[in-house]
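> Following this message is one structure expressed as structure tokens.
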Amino acid sequence: MTTEATGTTLAPYGRVGLLALQSREAEAATLIVRSRIEVTRRGEGIGISALDWAEALLYNGLARYEDARASASRIAEHPQDLAPSNWHLAELIEAAARAGTPELSADAHRRLVAMTRASGTNWGLGIAARSEALLVEGQRADDLYVEAIDRLGRCRIAVDLARAHLLYGEWLRRERRRIEARTELRTAHDLFSEFGMEAFAERARVELEATGERARKRTVDTLGELTPQEAQISRLAAQRYTNREIAAQLFISPSTVEYHLRKVFRKLGVNSRKQLANRLGLEAVVR
């Protein structure tokens, strides 16, 4: 109704963001160019920033860090804008650090820390910890990556959790801690593959193979397999333990339990704990 009355339409920001997440470079680039012409003609500065954010996300996934830095840096030139100018902060920090110019991310890091401390959410603080870890070394970096994974594991935005596992795994490999790196990179690869984020999954695959382990490609057969943690959570859920009770036993958050159970239900084709018990060949316990 609004678009009919005003005679205008919004640029396809959601579609652009999804294509960037999925690393569909050709489609994303074409849509970004077309949308940029449209929003520029209408004078929508915030729209231009949103498109630059999508471009930075796309290029970070493709490991084209200089291109990602250039896109994110354009947004940084307009800090007075609202949401879109904030979206770029984590992208700029990662791109600048990986492009060998971490000093360019100093202002972005200060702004990110100020906002996330003010909000106090696990999502914001987790992204801040993940971003800062890219700018420091040694035990401090290790602690920050662990904090990021812990905080983001309590949230529902699993994409950011997967990126934390990837960055931690990349760092661990460069620290010659191959066994630990494999765990993080394997987790990242599985998550990105499930999300359809092909470029990020490829980053994880390349790093995983650099540790000496070949990443398994997901097939119809492997989709039915459960990870050790999923199997453990499944057994407890089949016995009618609540998510909170499972979380307490496994020293993880209830939201993490819920996240893994959703994956298990999808893999096994069930939609209840009773069906899960039958699928696993267990007798559901009435508690």
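Just remember, in the structure tokens the first chain shown is A, the second B, etc., residues are 1-based per chain, and ligands are 1-based in the order shown.
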Tell me, as a ChimeraX atom specification, which residues lie within 8 Å of stretch 56-66 of chain A, counting only C-alpha atoms; anything in the same chain fewer than 3 positions away does not count.

/A:20-21,23,25,52-53,69-72,88,91-92,94-96,98-99,199-200,203

> Counting only C-alpha atoms, which residues of stretch 149-268 of chain A fall within 12 Å of stretch 128-139 of chain A, and what is the closest atom pair for each with its distance in Å at one decimal, ordered by chain and rising number, as a Markdown table?


| residue | atom | partner | partner_atom | distance |
| --- | --- | --- | --- | --- |
| A:Ile149 | CA | A:Arg130 | CA | 8.1 |
| A:Asp150 | CA | A:Ala129 | CA | 10.3 |
| A:Arg151 | CA | A:Ala129 | CA | 9.0 |
| A:Leu152 | CA | A:Arg130 | CA | 9.5 |
| A:Asp160 | CA | A:Arg130 | CA | 9.3 |
| A:Leu161 | CA | A:Arg130 | CA | 9.5 |
| A:Ala162 | CA | A:Arg130 | CA | 11.2 |
| A:Arg163 | CA | A:Arg130 | CA | 8.8 |
| A:Ala164 | CA | A:Arg130 | CA | 6.2 |
| A:His165 | CA | A:Arg130 | CA | 9.5 |
| A:Leu166 | CA | A:Arg130 | CA | 10.5 |
| A:Leu167 | CA | A:Arg130 | CA | 8.0 |
| A:Tyr168 | CA | A:Arg130 | CA | 8.5 |
| A:Glu170 | CA | A:Leu134 | CA | 10.6 |
| A:Trp171 | CA | A:Leu134 | CA | 8.6 |
| A:Leu172 | CA | A:Gly138 | CA | 10.3 |
| A:Arg174 | CA | A:Gly138 | CA | 11.3 |
| A:Glu175 | CA | A:Gly138 | CA | 8.8 |

> Quick one: residues within 12 Å of A:Ala231, only C-alpha atoms, excluding same-chain residues fewer than 2 positions away - as an mmCIF file with C-alpha atoms, in the first residue's frame?


data_model
loop_
_atom_site.group_PDB
_atom_site.id
_atom_site.type_symbol
_atom_site.label_atom_id
_atom_site.label_comp_id
_atom_site.auth_asym_id
_atom_site.auth_seq_id
_atom_site.Cartn_x
_atom_site.Cartn_y
_atom_site.Cartn_z
ATOM 1 C CA GLY A 224 21.869 -38.371 8.783
ATOM 2 C CA GLU A 225 24.939 -38.645 10.980
ATOM 3 C CA LEU A 226 25.096 -37.002 14.371
ATOM 4 C CA THR A 227 28.149 -35.371 15.877
ATOM 5 C CA PRO A 228 29.225 -36.688 19.303
ATOM 6 C CA GLN A 229 27.634 -33.689 21.028
ATOM 7 C CA ILE A 233 22.097 -34.297 23.618
ATOM 8 C CA SER A 234 19.756 -36.580 21.659
ATOM 9 C CA ARG A 235 20.026 -39.394 24.186
ATOM 10 C CA LEU A 236 19.212 -37.055 27.055
ATOM 11 C CA ALA A 237 16.349 -35.400 25.159
ATOM 12 C CA ALA A 238 14.908 -38.821 24.289
ATOM 13 C CA VAL A 257 20.949 -27.329 23.459
ATOM 14 C CA HIS A 260 21.639 -28.695 18.401
ATOM 15 C CA LEU A 261 18.235 -30.324 18.882
ATOM 16 C CA LYS A 263 19.692 -29.812 13.805
ATOM 17 C CA VAL A 264 19.092 -33.337 15.139
ATOM 18 C CA PHE A 265 15.360 -33.207 14.416
ATOM 19 C CA LYS A 267 18.748 -34.687 10.262
ATOM 20 C CA LEU A 268 16.653 -37.547 11.618
ATOM 21 C CA LEU A 276 13.460 -39.072 18.595
ATOM 22 C CA ALA A 277 13.510 -41.885 21.163
ATOM 23 C CA ARG A 279 14.428 -43.201 15.941
ATOM 24 C CA LEU A 280 17.379 -43.799 18.272
#

> Would you mind writing down, as number ranges by chain, each residue of stretch 99-166 of chain A that DSSP on the backbone assigns to alpha helix (DSSP H)?

A: 106-119, 122-133, 138-152, 158-166

> Atom CA of A:Leu51 to atom CA of A:Thr30: how many Å, to one decimal?

11.6 Å

> To one decimal in Å, tell me the separation between atom CA of A:Ala76 and atom CA of A:Gly124.

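Answer for the atom CA of A:Ala76 to atom CA of A:Gly124 separation: 18.8 Å.
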
> How many Å lie between atom CA of A:Ala141 and atom CA of A:Ala106, rounded to one decimal?

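Interatomic distance, atom CA of A:Ala141 to atom CA of A:Ala106: 16.2 Å.
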